[in-house]
Amino acid sequence: MDNWKYQGPIFDAHTHIEELKNIDRMVRIEDQYGIAGQIGIVHSKDGFEYAKQRYSHRFIFAKYLSLNDIAHFNVDLVIDDINRTKDEGYSLTKTWFGPRWRDYIEDVPRDFRIDDSRLDPVFQALEDNKLPLLIHVADPDTYFRLHYKDASKYGTKEENLIQLENVLERHPKVKFQIPHFGAQPEIHRLSNLSRWLDCFPNVVIDTASSRWICRELSKDVIVARKFLLKYSRRILFGTDLSSNRDGLDYYDGRYRAQRVLWETEERDVPLPFEDDDTKDSGGTFINGLDLPSSVLDRIYWKNAMDLYGSLE
Ligand SMILES: [Zn+2]
């Protein structure tokens, strides 16, 4: 490992577990970067069974709830699934409402909303089972500009966020991990994210997507740093790395990008891999926030232990 400011163990609160054959490779590379624990969002049954028996102390598993059933309000099926989740060896649940989910699931009702009251029993079941939910809503501002121009289909980013806010408000006893800095790492959105964290003590956010987070927080290091200091107990390090992606470079780039961001005071460091969203408009550069060691301890390790340590 390079000579980083932080030398302790790292918990990666956002990784994806795919087929069995790639799990060992993932763990081997992660070990080189100090990853000592992680949330694995499961995409493959074989991968899950293997990781569960081979690395039982390393992973905390998150189960994907059926988007298809949620989209069509098959609430009883979703609740049955939630009731089985812990017995199957998972400790968390996950849902993904990146706006393009509407392209992947057939016949999503045009007026579908995650705050539809018909879904309240689903959140109640999570509460009853004491199952935290990783809930991805919205996407980067850049995606709304580049890919989601059809607001009648995808909604505006604000419309997506407000639906999640209504859910948070209605379910104060469910623990929510909102990935990607609550989908609001853009500097102009941090004040709304602060308001959420102030209003909803049941919410934590993760730093997954090294690209998105580095790109946006680097745009105003003073504002970003202040935010990190203030909410240091509510932020979990995460990468969004997937076990199926190949090679050391892929992992190395994502870890290095975030470590430069959190730990250094370097300026204008090119993101170590390509950012599709900015490659035609000048690229993405990292400006380090030089966080104090006490804050690094929190976001890399302690917060995850406080929240999920008992689930292992
Ligand atoms: Zn992810």
# chains A, B, ... in the order shown; residues from 1 in each chain; ligands from 1
>>> residues_around(residues="Leu236 in chain A", least_positions_apart="3", cutoff="12 Å", atoms="only C-alpha atoms", output="ChimeraX atom specification")
/A:10-14,38-39,177-182,203-208,228,231-233,239,295-308
>>> write_last_selection(atoms="C-alpha atoms", output="mmCIF file, in the first residue's frame")
data_model
loop_
_atom_site.group_PDB
_atom_site.id
_atom_site.type_symbol
_atom_site.label_atom_id
_atom_site.label_comp_id
_atom_site.auth_asym_id
_atom_site.auth_seq_id
_atom_site.Cartn_x
_atom_site.Cartn_y
_atom_site.Cartn_z
ATOM 1 C CA ILE A 10 -11.168 -0.416 5.500
ATOM 2 C CA PHE A 11 -14.786 -1.489 5.296
ATOM 3 C CA ASP A 12 -16.224 -1.154 1.797
ATOM 4 C CA ALA A 13 -19.940 -0.587 2.321
ATOM 5 C CA HIS A 14 -20.884 -0.999 -1.328
ATOM 6 C CA GLN A 38 -17.529 -5.305 3.026
ATOM 7 C CA ILE A 39 -21.174 -5.277 2.098
ATOM 8 C CA GLN A 177 -28.235 3.453 3.579
ATOM 9 C CA ILE A 178 -28.540 5.814 0.632
ATOM 10 C CA PRO A 179 -25.743 5.116 -1.821
ATOM 11 C CA HIS A 180 -23.745 7.677 -3.724
ATOM 12 C CA PHE A 181 -23.893 10.398 -1.082
ATOM 13 C CA GLY A 182 -27.683 10.242 -1.127
ATOM 14 C CA VAL A 203 -30.211 7.607 7.371
ATOM 15 C CA VAL A 204 -26.559 7.070 6.461
ATOM 16 C CA ILE A 205 -24.949 7.666 3.085
ATOM 17 C CA ASP A 206 -22.095 5.925 1.315
ATOM 18 C CA THR A 207 -19.345 7.252 -0.927
ATOM 19 C CA ALA A 208 -19.811 4.702 -3.709
ATOM 20 C CA LEU A 228 -17.534 15.763 5.701
ATOM 21 C CA TYR A 231 -21.476 14.500 9.105
ATOM 22 C CA SER A 232 -18.454 12.298 9.721
ATOM 23 C CA ARG A 233 -20.601 9.866 11.712
ATOM 24 C CA THR A 239 -16.787 1.918 -4.011
ATOM 25 C CA VAL A 295 -12.744 11.482 10.388
ATOM 26 C CA LEU A 296 -10.925 8.954 8.212
ATOM 27 C CA ASP A 297 -11.226 6.386 11.039
ATOM 28 C CA ARG A 298 -14.959 7.017 11.076
ATOM 29 C CA ILE A 299 -15.711 6.794 7.371
ATOM 30 C CA TYR A 300 -13.329 3.950 6.521
ATOM 31 C CA TRP A 301 -14.155 1.708 9.463
ATOM 32 C CA LYS A 302 -15.832 2.829 12.679
ATOM 33 C CA ASN A 303 -19.183 3.938 11.286
ATOM 34 C CA ALA A 304 -19.646 0.620 9.535
ATOM 35 C CA MET A 305 -18.736 -1.268 12.715
ATOM 36 C CA ASP A 306 -21.188 0.786 14.767
ATOM 37 C CA LEU A 307 -23.950 0.175 12.263
ATOM 38 C CA TYR A 308 -23.279 -3.286 10.908
#
>>> closest_atom_pairs(of="chain A", to="ligand 1", cutoff="7 Å", atoms="only C-alpha atoms and all ligand atoms", output="CSV")
residue,atom,partner,partner_atom_place_in_ligand_line,distance
A:His14,CA,ligand 1,1 (Zn),6.2
A:Thr15,CA,ligand 1,1 (Zn),6.5
A:His16,CA,ligand 1,1 (Zn),6.6
A:Asp240,CA,ligand 1,1 (Zn),4.5
>>> closest_residue(among="A:Thr278, A:Arg25, A:Ser210, A:Glu18", to="Ser44 in chain A", atoms="only C-alpha atoms")
A:Glu18
>>> residues_around(residues="Pro172 in chain A", least_positions_apart="6", cutoff="10 Å", atoms="only C-alpha atoms", output="list in words")
Glu127, Cys199, Phe200, Pro201, Asn202 and Val203 of chain A
>>> select_by_dssp(residues="range 36-246 of chain A", states="helix (DSSP H, G or I)", output="JSON, numbers by chain")
{"A": [45, 46, 47, 48, 49, 50, 51, 52, 53, 54, 67, 68, 69, 70, 71, 75, 76, 77, 78, 79, 80, 81, 82, 83, 84, 85, 101, 102, 103, 104, 117, 118, 119, 120, 121, 122, 123, 124, 125, 126, 127, 128, 141, 142, 143, 144, 145, 146, 151, 152, 153, 154, 157, 158, 159, 160, 161, 162, 163, 164, 165, 166, 167, 168, 169, 170, 179, 180, 181, 182, 187, 188, 189, 190, 191, 192, 193, 194, 195, 196, 197, 198, 199, 210, 211, 212, 213, 214, 215, 216, 217, 221, 222, 223, 224, 225, 226, 227, 228, 229, 230]}
>>> closest_residue(among="A:Asn83, A:Asn3, A:Ser194, A:Gln184", to="His136 in chain A", atoms="only C-alpha atoms")
A:Gln184
>>> closest_residue(among="A:Leu164, A:Leu67, A:Leu77, A:Ile41", to="Ile105 in chain A", atoms="only C-alpha atoms")
A:Leu67
>>> atom_distance(atom1="CA of Ser152 in chain A", atom2="CA of Asn166 in chain A")
20.3 Å
>>> select_by_dssp(residues="range 66-192 of chain A", states="strand (DSSP E or B)", output="number ranges by chain")
A: 92-97, 133-137, 176-178
